[in-house]
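Data first, discussion second: the structure below is written as C-alpha cells.
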Protein chains: 2
Amino acid sequence: MAVEPGARFLDRLRDALPRLRLLTDATDTEAYRHDETPYLHPGTPLGVCFPTSTADVQAIVRLAAEDQVALVPRGAGSGLSGGATAVDGALTVVMTGMDRIVEIDERNLCAVVQPGVVNADLGRAAAERGLFYAPDPASFEWCTIGGNLAENSGGLRCVKYGVTRDAVLGLEVVLADGAVIRTGGKNIKDVVGYDLTHLFIGSEGTLGIITEATLRLRPMPPPKLTLLCFFQTVRQAGDAVAQMTASGLVPVTLELLDGFTIRAVDAALRLGLDADAGAMLMVESDVGGAASEAEIDLAARASEVAGATSVVRSTDPAEADWLREARRRAHWSLEQAGVARMDDVGVPRALIPEMLAVIERVAAEHGMRIGVFGHAGDGNLHPTYVMDRDDPAAEARIDAARAEIYAAALGMGGTVSGEHGTGVAKRGYLEAQRGPDAVRVMRAVKQALDPLGILNPGKVL
Amino acid sequence: MAVEPGARFLDRLRDALPRLRLLTDATDTEAYRHDETPYLHPGTPLGVCFPTSTADVQAIVRLAAEDQVALVPRGAGSGLSGGATAVDGALTVVMTGMDRIVEIDERNLCAVVQPGVVNADLGRAAAERGLFYAPDPASFEWCTIGGNLAENSGGLRCVKYGVTRDAVLGLEVVLADGAVIRTGGKNIKDVVGYDLTHLFIGSEGTLGIITEATLRLRPMPPPKLTLLCFFQTVRQAGDAVAQMTASGLVPVTLELLDGFTIRAVDAALRLGLDADAGAMLMVESDVGGAASEAEIDLAARASEVAGATSVVRSTDPAEADWLREARRRAHWSLEQAGVARMDDVGVPRALIPEMLAVIERVAAEHGMRIGVFGHAGDGNLHPTYVMDRDDPAAEARIDAARAEIYAAALGMGGTVSGEHGTGVAKRGYLEAQRGPDAVRVMRAVKQALDPLGILNPGKVL
C-alpha cells in the first residue's frame, strides 16, 4: 500500500526534528483551526507543530518545500480576518513557543524579540526600563508580536504613534526555501537595497515566516489625562473628531463608541456611563503637564462646539484604565447581545462623519443592529453586526450590509481593512480596492518569493 | 542601411508624443548625465525627455518596453549615490516638469503632489495653511519629492519625525509594462493586500516610475529653541549624544560637526563659531513653551556632563535659521578646502562615539583629512574625504579609507547608507550588508516587476 504523501511528510518531519511538538489527532488540532473569525470555515490541517527555534522553522520549511506541503504560520490566533485559519492538508506552524524577549536595548531604544512574545509582555518588559512599546491592539494581553507583524496591527495609540509597521527596525525571516535572511537591524536610518522589512510586514506569512524582530521602543510618556465626551448623536461625535483633526490635535487616543455600544459595554461591565447618549468619545493626552491640559481643553472645546451633552475629565488613573479596558472589550460586550461580527473599515479621517452616517443608514435600511466603535482619530471604524442567535439568514444579511458599507468606504477613497488584515475574509475585495494591476504586482511578488505556493495559501491573494 | 534601434525608438517616441520635450544632442543632454556624484562615470544617454503627465510616462514606458530601451528616471539630480546617473543607450526621463502640488488637504492633513515638486516648495505651500511637511534633506531648496521618494531621503528633522518613508500614504506608479497603479490614498491605516507603497519607496526607479504621491502633513510645530554646544573632542560630543538618547530626549534636530567641518563652515560663511573647538552639537526643540525649555535644558546638561567647553542658547530665530543653513552647507564648505567627497554611514545610535573614533583612526592611519558631520541623533554620519585637487591617487585613497569605515560600520551592525540610497556608489556593498539570500530576494522582486530590466539598470542591485 502506497504511503499517503502527508503521512510521509510527517514521518520525515519526526525524523528530522524528533523533539518537535507535533499534534496530528483531530481532537488536539481543533483548537488551532480557527482564529477570532468563528464565521469562517477553516480547513482540516495535516497537523500542528510548535517550533522553538529558527533552525526548527528552517527544517520545517525545507521539508515542506521538498514535499510540497503547505504551511500556515500562526501566533495566538487573535486575528480577525482569517489570516491564521487552517488550510486542508497543510501543517499549521504555531509560533507561540518562540516567546523569548532576546534583548531590551536601553541605549538604542529598541527590543529584539521572538514572534511568540505576547504584546503586553513586551510592553511590561519595556516599562521596567522606563521604555514604551507603542502598538497596542485591543487583544494586547494575548496577541503575539508575530501576529501583529503579520497583520500590521493597529491599536488605541496609533493615532499618535503609528501602527505596528512604524515600530519595526528589522526582521529575521525564514524564506519559502528555508533560507534565513535579516532585513535590518538596530539602525534608525538604513536605505541599502530594497526594503524587505516593509514587504514582509502585513503579508500574513504568505511570503516568509518571521522568526525575530527588532522593534523600536520610546521613552515612557508621562501619565495620561483622559476625557469622556457624550453626544446625542453619532454625527455630532464625528463632527467633533473632524474638528479636533482640523485643529491639529494629535491625542494619543481618540476613540468613539456609539449609543448601542455604550449600552452594551455598560450592561456588561457596569461602568455607569450615560446610557441615553447616542455616542461617546474617549480622548487621552500623554504629552504631560500643562501641554496635556491644553490638549484636553482643545478636545473638550471641539466637543462642546459639536454639541456634546456632557464633557467629563477623569482624574483617577485607575478609572481611566478601566474605561480604556471597557473600550477594548466593546466587541466582547456586543457579543453579549447576540452574535456579533466585528468589521473594520477606514476612510480619510475627515470623512468620519459621512462614514458614520452611511453605517446608520445601512443599519436602518437592512433592519439590523450595527454597533459602531473604533479609532475615530485615524478614520478607522469597527461597525459590528449584532444578529439574533437563531436568525438563519444572519450570514447572508451581514454579507449584504457589509457589501454596502465597503462600497461606500471605497467610494470615499477608504479601505475595507484598516488594521485587521486581508486574510480570507477580505480577499474577495482586494481587487475592488487596489485594482487588477496592483493585484497582479502582488501576485508576481508572491510568485517570486514563494514559487511553490506553500506559504499560507489562500490568504491575502 | 538598417536604422539603428535607438534611433528607431526615438522616432516612434516623437510620433507618439509630438509635444514631448526631447533632447538628443550631446551638448544638451550633458547636464542630465550626472547627479551630485562627480566622481562616478555615467554613461551616454540615448536622449533626455521631460514628460508632463502620467499619460506621457505611460507612453514612454510602453514604447521602451516594446523596443527594450532602458529608462533612467530622475528628479533634480541632487542624489549622492548615482541613482540618477545616465546609462549608456538609455533614455533619461526627467520628472521635473511634473511639478504640480495637486492638493493640500487641510481636513485630512495630507498633500497630493507630482514628483517634480521641490521639497521646500511643498513645505512653503503647507506652511501657508499652518501645516508642515517634515522630511527636509539638506538639498531641500532644490531636490524634488520624486527623488526623495526614490532614495527614501532623510534630513535634519528625521530624528523626531522620521524619514521620507514615514510621510507617505500612497503612490501612483507607472509599472515597467506601462500599467498605472495606486498603492494607497489618504487613509492613515490601510492593510489590504501587500504594501506596495513601501516597496517602491527607496527603490530608485528600478521597480516603477512614481508619478504622484499622497504625503502626510502635520500641524505646524511651535517656533524652535536652538542650542549650540562646543567640545574639545569629537568623542565628548559623541558621549553627549549617547547620553541624550539614553535620557529619552527626542529633539527635532541633533546635529554634529567636527572641528575640521566647523572651521570649513566658519571660513566659508563667517559665522564666528569657536574655531578651536573639536566638535559642535546643534540641538533644537520644537515642542513649544516650557517643554521646549526643558528639552534644551536636558541637552545642555548632557553636554556639560560630557565635558562641553561652552553651551550657548540661541534666542534669535534668524540666527538659528542661519546656523541650520550653515549645517546644510557643511559639504559645500568642505569643498572649498579641496575635493570633498561626502559619504553616509549609520550605526545603532548608541554607537556614535565608537563610529567617530573609527573615522578619526582611519583618517590618521591613511594620512587623510576626513571631515565629519551629520545626524548624530539617529546614528547617521557623513564622513567627508577632503583631498588635494592635484592628488592623482585621491580616488584610490578614498576607496581604501571608505572600505575600512564601511567594514567598521557593518561590524557594529550599522549600514553603508543611512539616507543617500544605494545607487551605483554603494551597490558593491549590498551583499556584504544584506547577505546573499536577501539580495537574491531583491533580485527576484526586480525580475517580477521589471522582467525586461528596462528600469534604471545597474542601480541598487
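Just remember, in the C-alpha cells the first chain shown is A, the second B, etc., residues are 1-based per chain, and ligands are 1-based in the order shown.
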For region 8-10 of chain B, find every residue with an atom within 10 Å (counting only C-alpha atoms), except residues of its own chain fewer than 4 positions away, and show them as a CSV table (one decimal) with N, CA and C atoms, in the first residue's frame.
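Saved as out.csv:
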```
chain,number,residue,atom,x,y,z
B,2,ALA,N,20.4,49.8,-42.4
B,2,ALA,CA,19.4,49.5,-41.3
B,2,ALA,C,19.4,50.6,-40.4
B,3,VAL,N,18.2,50.9,-39.9
B,3,VAL,CA,18.0,52.0,-38.9
B,3,VAL,C,18.5,51.5,-37.5
B,4,GLU,N,19.3,52.3,-36.9
B,4,GLU,CA,19.9,51.9,-35.5
B,4,GLU,C,18.7,51.9,-34.6
B,14,ARG,N,8.8,60.3,-30.8
B,14,ARG,CA,8.4,61.6,-31.4
B,14,ARG,C,7.0,61.5,-32.0
B,15,ASP,N,6.8,60.3,-32.7
B,15,ASP,CA,5.5,60.2,-33.3
B,15,ASP,C,4.4,60.0,-32.3
B,16,ALA,N,4.7,59.3,-31.2
B,16,ALA,CA,3.6,59.0,-30.2
B,16,ALA,C,3.3,60.3,-29.4
B,22,LEU,N,12.2,66.6,-25.9
B,22,LEU,CA,13.2,65.5,-26.1
B,22,LEU,C,14.5,66.0,-26.5
B,24,THR,N,18.4,65.3,-27.7
B,24,THR,CA,19.3,64.2,-28.1
B,24,THR,C,20.7,64.6,-28.4
B,46,LEU,N,20.8,57.9,-24.6
B,46,LEU,CA,20.3,58.0,-25.9
B,46,LEU,C,19.6,59.3,-26.1
B,47,GLY,N,19.0,59.8,-25.0
B,47,GLY,CA,18.3,61.1,-25.1
B,47,GLY,C,17.8,61.4,-23.7
B,60,ILE,N,5.8,56.6,-22.8
B,60,ILE,CA,7.3,56.4,-22.8
B,60,ILE,C,7.7,55.0,-22.4
B,63,LEU,N,6.6,52.2,-25.0
B,63,LEU,CA,7.4,52.2,-26.2
B,63,LEU,C,8.8,51.6,-25.8
B,64,ALA,N,9.3,52.0,-24.6
B,64,ALA,CA,10.6,51.5,-24.2
B,64,ALA,C,10.5,50.0,-24.0
B,66,GLU,N,8.5,47.9,-25.5
B,66,GLU,CA,8.4,47.3,-26.8
B,66,GLU,C,9.8,47.2,-27.5
B,67,ASP,N,10.5,48.3,-27.4
B,67,ASP,CA,11.8,48.3,-28.1
B,67,ASP,C,13.0,48.0,-27.2
B,68,GLN,N,12.7,47.6,-25.9
B,68,GLN,CA,13.7,47.2,-25.0
B,68,GLN,C,14.8,48.2,-24.8
B,69,VAL,N,14.3,49.4,-24.7
B,69,VAL,CA,15.2,50.5,-24.4
B,69,VAL,C,15.1,50.8,-22.9
B,91,LEU,N,17.2,56.1,-22.2
B,91,LEU,CA,16.6,57.4,-22.2
B,91,LEU,C,16.4,57.9,-20.8
```
ask   = Looking only at the backbone, which of the residues in region 271-389 of chain A does DSSP tag as strand (DSSP E), as a ChimeraX atom specification?
value = /A:279-285,310-314,339-342,345-346,369-375,380-387
request  = Could you check which of A:Thr415, A:Gln447, A:Thr44, A:Asn148 is closest to Val117 (chain A), using only C-alpha atoms?
outcome  = A:Asn148
inquiry  = I need the residue nearest chain A from this list: B:Gly367, B:Gly146, B:Gly374, B:Gly435. Use only C-alpha atoms for the distance.
reply    =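 Closest to chain A of all the choices is B:Gly435.
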key: Interatomic distance (Å, one decimal) between CA of Met244 (chain A) and CA of Ala299 (chain A)   =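 CA of Met244 (chain A) sits 6.2 Å away from CA of Ala299 (chain A).
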query = Got a sec: who's within 8 Å of Leu71 (chain A), counting only C-alpha atoms, leaving out chain neighbours fewer than 2 positions off, as a list in words?
reply =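 Surrounding residues, per the criterion: Val61, Ala64, Val69, Pro73, Ala90, Leu91, Thr92, Val93, Ile454, Leu455, Asn456 and Pro457 of chain A.
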key: region 191-396 of chain B: residues DSSP assigns to alpha helix (DSSP H), reported as JSON, numbers by chain   = {"B": [196, 197, 198, 199, 200, 234, 235, 236, 237, 238, 239, 240, 241, 242, 243, 244, 245, 246, 259, 260, 261, 262, 263, 264, 265, 266, 267, 268, 269, 289, 290, 291, 292, 293, 294, 295, 296, 297, 298, 299, 300, 301, 302, 303, 304, 305, 317, 318, 319, 320, 321, 322, 323, 324, 325, 326, 327, 328, 330, 331, 332, 333, 334, 335, 352, 353, 354, 355, 356, 357, 358, 359, 360, 361, 362, 363, 364, 365, 366, 394, 395, 396]}
Polymer residues at most 8 Å from Leu334 (chain B), only C-alpha atoms, same-chain spacing of 5 or more positions, as number ranges by chain = B: 261, 264-265, 340, 371, 384, 386
Since we have the selection now, will you write its residues out, keeping N, CA, C and O atoms, as a short mmCIF file (atom, residue, chain, number, x, y, z; two decimals), in the first residue's frame?
```cif
data_model
loop_
_atom_site.label_atom_id
_atom_site.label_comp_id
_atom_site.auth_asym_id
_atom_site.auth_seq_id
_atom_site.Cartn_x
_atom_site.Cartn_y
_atom_site.Cartn_z
N THR B 261 35.17 70.44 10.12
CA THR B 261 33.98 70.96 9.45
C THR B 261 33.58 72.32 10.02
O THR B 261 33.19 73.23 9.27
N ALA B 264 35.77 74.80 8.41
CA ALA B 264 35.44 74.99 6.99
C ALA B 264 34.18 75.84 6.85
O ALA B 264 34.12 76.76 6.03
N VAL B 265 33.17 75.52 7.66
CA VAL B 265 31.92 76.27 7.59
C VAL B 265 32.16 77.71 8.01
O VAL B 265 31.66 78.66 7.38
N ALA B 340 35.97 67.39 -2.09
CA ALA B 340 35.30 66.80 -0.93
C ALA B 340 34.32 65.75 -1.39
O ALA B 340 33.43 66.03 -2.19
N GLY B 371 36.45 65.21 7.21
CA GLY B 371 35.50 66.00 8.00
C GLY B 371 34.31 65.12 8.35
O GLY B 371 33.91 64.27 7.56
N THR B 384 33.44 62.93 5.41
CA THR B 384 33.66 63.57 4.12
C THR B 384 35.16 63.67 3.85
O THR B 384 35.89 64.34 4.59
N VAL B 386 38.34 64.87 2.24
CA VAL B 386 38.76 66.11 1.57
C VAL B 386 40.18 65.91 1.05
O VAL B 386 41.12 65.73 1.84
#
```
For region 55-57 of chain B, work out the shell of residues within 10 Å, counting only C-alpha atoms and skipping chain neighbours fewer than 4 positions away, then give it as a PDB file with N, CA, C and O atoms, in the first residue's frame.
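For reference, result_32.pdb as written:
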```pdb
ATOM      1  N   ALA B  16       4.655  59.293 -31.234  1.00  0.00           N
ATOM      2  CA  ALA B  16       3.616  59.031 -30.234  1.00  0.00           C
ATOM      3  C   ALA B  16       3.340  60.268 -29.380  1.00  0.00           C
ATOM      4  O   ALA B  16       2.192  60.518 -28.995  1.00  0.00           O
ATOM      5  N   LEU B  17       4.390  61.025 -29.088  1.00  0.00           N
ATOM      6  CA  LEU B  17       4.251  62.190 -28.203  1.00  0.00           C
ATOM      7  C   LEU B  17       4.909  63.401 -28.854  1.00  0.00           C
ATOM      8  O   LEU B  17       5.990  63.846 -28.443  1.00  0.00           O
ATOM      9  N   ARG B  19       4.511  66.432 -28.670  1.00  0.00           N
ATOM     10  CA  ARG B  19       4.785  67.619 -27.859  1.00  0.00           C
ATOM     11  C   ARG B  19       5.761  67.366 -26.710  1.00  0.00           C
ATOM     12  O   ARG B  19       6.039  68.252 -25.907  1.00  0.00           O
ATOM     13  N   LEU B  20       6.260  66.143 -26.637  1.00  0.00           N
ATOM     14  CA  LEU B  20       7.225  65.819 -25.565  1.00  0.00           C
ATOM     15  C   LEU B  20       8.556  66.518 -25.818  1.00  0.00           C
ATOM     16  O   LEU B  20       9.119  66.425 -26.911  1.00  0.00           O
ATOM     17  N   CYS B  49      14.284  63.140 -21.891  1.00  0.00           N
ATOM     18  CA  CYS B  49      12.938  63.650 -22.154  1.00  0.00           C
ATOM     19  C   CYS B  49      12.287  64.151 -20.883  1.00  0.00           C
ATOM     20  O   CYS B  49      12.729  63.834 -19.770  1.00  0.00           O
ATOM     21  N   PHE B  50      11.241  64.946 -21.049  1.00  0.00           N
ATOM     22  CA  PHE B  50      10.616  65.669 -19.936  1.00  0.00           C
ATOM     23  C   PHE B  50       9.103  65.486 -19.992  1.00  0.00           C
ATOM     24  O   PHE B  50       8.393  66.356 -20.493  1.00  0.00           O
ATOM     25  N   PRO B  51       8.603  64.365 -19.492  1.00  0.00           N
ATOM     26  CA  PRO B  51       7.151  64.156 -19.525  1.00  0.00           C
ATOM     27  C   PRO B  51       6.446  65.190 -18.649  1.00  0.00           C
ATOM     28  O   PRO B  51       7.029  65.697 -17.685  1.00  0.00           O
ATOM     29  N   VAL B  61       7.088  54.520 -21.285  1.00  0.00           N
ATOM     30  CA  VAL B  61       7.428  53.197 -20.762  1.00  0.00           C
ATOM     31  C   VAL B  61       6.964  52.103 -21.726  1.00  0.00           C
ATOM     32  O   VAL B  61       7.684  51.133 -21.981  1.00  0.00           O
ATOM     33  N   ARG B  62       5.770  52.260 -22.278  1.00  0.00           N
ATOM     34  CA  ARG B  62       5.265  51.227 -23.203  1.00  0.00           C
ATOM     35  C   ARG B  62       6.166  51.076 -24.424  1.00  0.00           C
ATOM     36  O   ARG B  62       6.511  49.963 -24.819  1.00  0.00           O
ATOM     37  N   PRO B  73      14.824  57.214 -14.718  1.00  0.00           N
ATOM     38  CA  PRO B  73      14.036  58.325 -14.185  1.00  0.00           C
ATOM     39  C   PRO B  73      14.895  59.178 -13.270  1.00  0.00           C
ATOM     40  O   PRO B  73      15.767  58.658 -12.569  1.00  0.00           O
ATOM     41  N   VAL B  93      14.617  60.058 -18.132  1.00  0.00           N
ATOM     42  CA  VAL B  93      13.271  60.624 -18.030  1.00  0.00           C
ATOM     43  C   VAL B  93      13.258  61.601 -16.865  1.00  0.00           C
ATOM     44  O   VAL B  93      13.253  61.194 -15.701  1.00  0.00           O
ATOM     45  N   MET B  95      11.734  64.142 -14.408  1.00  0.00           N
ATOM     46  CA  MET B  95      10.367  64.302 -13.905  1.00  0.00           C
ATOM     47  C   MET B  95      10.067  65.713 -13.411  1.00  0.00           C
ATOM     48  O   MET B  95       8.993  65.973 -12.881  1.00  0.00           O
ATOM     49  N   VAL B 173       2.042  54.877  -9.500  1.00  0.00           N
ATOM     50  CA  VAL B 173       3.281  54.371 -10.089  1.00  0.00           C
ATOM     51  C   VAL B 173       2.989  53.833 -11.484  1.00  0.00           C
ATOM     52  O   VAL B 173       2.010  53.111 -11.692  1.00  0.00           O
ATOM     53  N   VAL B 174       3.841  54.186 -12.440  1.00  0.00           N
ATOM     54  CA  VAL B 174       3.791  53.552 -13.766  1.00  0.00           C
ATOM     55  C   VAL B 174       4.732  52.350 -13.721  1.00  0.00           C
ATOM     56  O   VAL B 174       5.925  52.483 -13.423  1.00  0.00           O
ATOM     57  N   LEU B 175       4.168  51.179 -13.992  1.00  0.00           N
ATOM     58  CA  LEU B 175       4.941  49.939 -13.953  1.00  0.00           C
ATOM     59  C   LEU B 175       5.773  49.763 -15.223  1.00  0.00           C
ATOM     60  O   LEU B 175       5.605  50.509 -16.194  1.00  0.00           O
ATOM     61  N   GLY B 178       3.951  49.742 -18.414  1.00  0.00           N
ATOM     62  CA  GLY B 178       3.132  50.904 -18.740  1.00  0.00           C
ATOM     63  C   GLY B 178       1.815  50.976 -17.979  1.00  0.00           C
ATOM     64  O   GLY B 178       1.115  51.986 -18.063  1.00  0.00           O
ATOM     65  N   VAL B 180      -0.658  51.613 -14.871  1.00  0.00           N
ATOM     66  CA  VAL B 180      -0.593  52.559 -13.765  1.00  0.00           C
ATOM     67  C   VAL B 180      -1.314  51.963 -12.567  1.00  0.00           C
ATOM     68  O   VAL B 180      -2.433  51.480 -12.707  1.00  0.00           O
ATOM     69  N   ILE B 209       7.981  53.886 -12.018  1.00  0.00           N
ATOM     70  CA  ILE B 209       8.226  55.332 -12.002  1.00  0.00           C
ATOM     71  C   ILE B 209       7.077  56.000 -11.258  1.00  0.00           C
ATOM     72  O   ILE B 209       5.916  55.890 -11.657  1.00  0.00           O
ATOM     73  N   ILE B 210       7.402  56.667 -10.169  1.00  0.00           N
ATOM     74  CA  ILE B 210       6.388  57.323  -9.339  1.00  0.00           C
ATOM     75  C   ILE B 210       5.915  58.590 -10.034  1.00  0.00           C
ATOM     76  O   ILE B 210       6.724  59.451 -10.408  1.00  0.00           O
ATOM     77  N   THR B 211       4.593  58.702 -10.220  1.00  0.00           N
ATOM     78  CA  THR B 211       4.044  59.860 -10.925  1.00  0.00           C
ATOM     79  C   THR B 211       3.168  60.736 -10.028  1.00  0.00           C
ATOM     80  O   THR B 211       2.746  61.812 -10.451  1.00  0.00           O
TER      81      THR B 211
END
```
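When only C-alpha atoms are used to measure the gap to Ala409 (chain B), the shortest distance among B:Val347, B:Met442, B:Ile359, B:Ala376 belongs to B:Val347.
With only C-alpha atoms as the atoms that count, the minimum distance from chain A to the choices B:Leu109, B:Val72, B:Ala318, B:Leu356 is reached by B:Leu109.
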task = Would you mind telling me which residue in B:Arg157, B:Arg443, B:Arg107, B:Arg329 lies nearest to chain A when using only C-alpha atoms?
result = B:Arg107
request  = Please identify all polymer residues within 9 Å of Ala326 (chain B), counting only C-alpha atoms, omitting same-chain residues fewer than 2 positions from it, and present them as a ChimeraX atom specification.
outcome  = /B:265-266,269,271,321-324,328-330,333
Just the residues within 12 Å of Arg235 (chain A), please, counting only C-alpha atoms, with nothing from its chain fewer than 5 positions along; format it as a short mmCIF file (atom, residue, chain, number, x, y, z; two decimals) with N, CA and C atoms, in the first residue's frame.
```cif
data_model
loop_
_atom_site.label_atom_id
_atom_site.label_comp_id
_atom_site.auth_asym_id
_atom_site.auth_seq_id
_atom_site.Cartn_x
_atom_site.Cartn_y
_atom_site.Cartn_z
N PHE A 230 -19.85 63.00 25.85
CA PHE A 230 -21.08 62.33 25.43
C PHE A 230 -21.89 63.23 24.51
N ALA A 240 -17.12 66.37 16.00
CA ALA A 240 -16.10 66.76 17.00
C ALA A 240 -14.73 66.20 16.60
N VAL A 241 -14.72 64.95 16.13
CA VAL A 241 -13.45 64.33 15.71
C VAL A 241 -12.85 65.11 14.54
N ALA A 242 -13.70 65.42 13.55
CA ALA A 242 -13.21 66.15 12.37
C ALA A 242 -12.64 67.50 12.80
N LEU A 256 -14.11 56.31 19.60
CA LEU A 256 -15.55 56.57 19.54
C LEU A 256 -16.35 55.31 19.87
N LEU A 257 -17.43 55.46 20.60
CA LEU A 257 -18.41 54.39 20.81
C LEU A 257 -19.78 54.97 20.50
N ASP A 258 -20.60 54.23 19.74
CA ASP A 258 -21.96 54.71 19.52
C ASP A 258 -22.86 54.28 20.68
N GLY A 259 -24.11 54.75 20.66
CA GLY A 259 -25.02 54.51 21.78
C GLY A 259 -25.23 53.03 22.05
N GLY A 278 -26.07 59.07 22.56
CA GLY A 278 -26.02 58.49 21.22
C GLY A 278 -24.61 58.15 20.81
N ALA A 279 -23.63 58.74 21.49
CA ALA A 279 -22.22 58.48 21.17
C ALA A 279 -21.33 59.02 22.27
N MET A 280 -20.14 58.48 22.32
CA MET A 280 -19.17 58.91 23.31
C MET A 280 -17.78 58.96 22.65
N LEU A 281 -17.01 59.94 23.02
CA LEU A 281 -15.60 59.97 22.60
C LEU A 281 -14.73 59.82 23.84
N SER A 303 -15.58 69.32 21.29
CA SER A 303 -16.77 68.52 21.58
C SER A 303 -17.95 69.41 21.94
N ALA A 306 -19.37 70.93 18.93
CA ALA A 306 -20.13 69.95 18.14
C ALA A 306 -21.43 69.54 18.84
N GLY A 307 -21.66 70.04 20.06
CA GLY A 307 -22.94 69.78 20.72
C GLY A 307 -22.90 68.72 21.81
N ALA A 308 -21.75 68.50 22.42
CA ALA A 308 -21.67 67.48 23.48
C ALA A 308 -22.65 67.81 24.61
N LEU A 351 -13.56 62.25 6.83
CA LEU A 351 -14.83 61.70 6.36
C LEU A 351 -15.52 60.81 7.39
N ILE A 352 -15.02 60.81 8.60
CA ILE A 352 -15.63 60.02 9.67
C ILE A 352 -17.14 60.32 9.82
N PRO A 353 -17.55 61.59 9.83
CA PRO A 353 -19.00 61.84 9.96
C PRO A 353 -19.80 61.19 8.83
N GLU A 354 -19.30 61.29 7.60
CA GLU A 354 -20.00 60.70 6.46
C GLU A 354 -20.07 59.17 6.61
N MET A 355 -18.97 58.57 7.03
CA MET A 355 -18.95 57.10 7.17
C MET A 355 -19.92 56.66 8.26
N LEU A 356 -19.98 57.41 9.34
CA LEU A 356 -20.92 57.07 10.41
C LEU A 356 -22.35 57.16 9.91
N ALA A 357 -22.62 58.16 9.07
CA ALA A 357 -23.97 58.32 8.53
C ALA A 357 -24.32 57.13 7.63
N VAL A 358 -23.35 56.67 6.84
CA VAL A 358 -23.58 55.51 5.96
C VAL A 358 -23.94 54.28 6.80
N ILE A 359 -23.19 54.06 7.85
CA ILE A 359 -23.43 52.86 8.67
C ILE A 359 -24.83 52.93 9.30
N GLU A 360 -25.20 54.12 9.76
CA GLU A 360 -26.52 54.31 10.35
C GLU A 360 -27.61 54.02 9.31
N ARG A 361 -27.40 54.52 8.10
CA ARG A 361 -28.38 54.31 7.04
C ARG A 361 -28.50 52.83 6.68
N VAL A 372 -21.22 50.60 16.50
CA VAL A 372 -20.02 51.22 15.90
C VAL A 372 -19.10 51.73 17.00
N ALA A 376 -11.55 56.64 15.89
CA ALA A 376 -12.06 57.73 15.08
C ALA A 376 -10.95 58.69 14.68
#
```
task = Find, counting only C-alpha atoms, the residue in B:Leu217, B:Ala84, B:Val94, B:Leu410 that gets nearest to Leu122 (chain B).
result =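 Comparing B:Leu217, B:Ala84, B:Val94, B:Leu410 against Leu122 (chain B), the winner is B:Leu217.
Note that CA of Leu131 (chain A) and CA of Gly248 (chain B) are 8.6 Å apart.
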key: Å distance separating CA of Val113 (chain B) from CA of His34 (chain B), one decimal place   = 25.0 Å
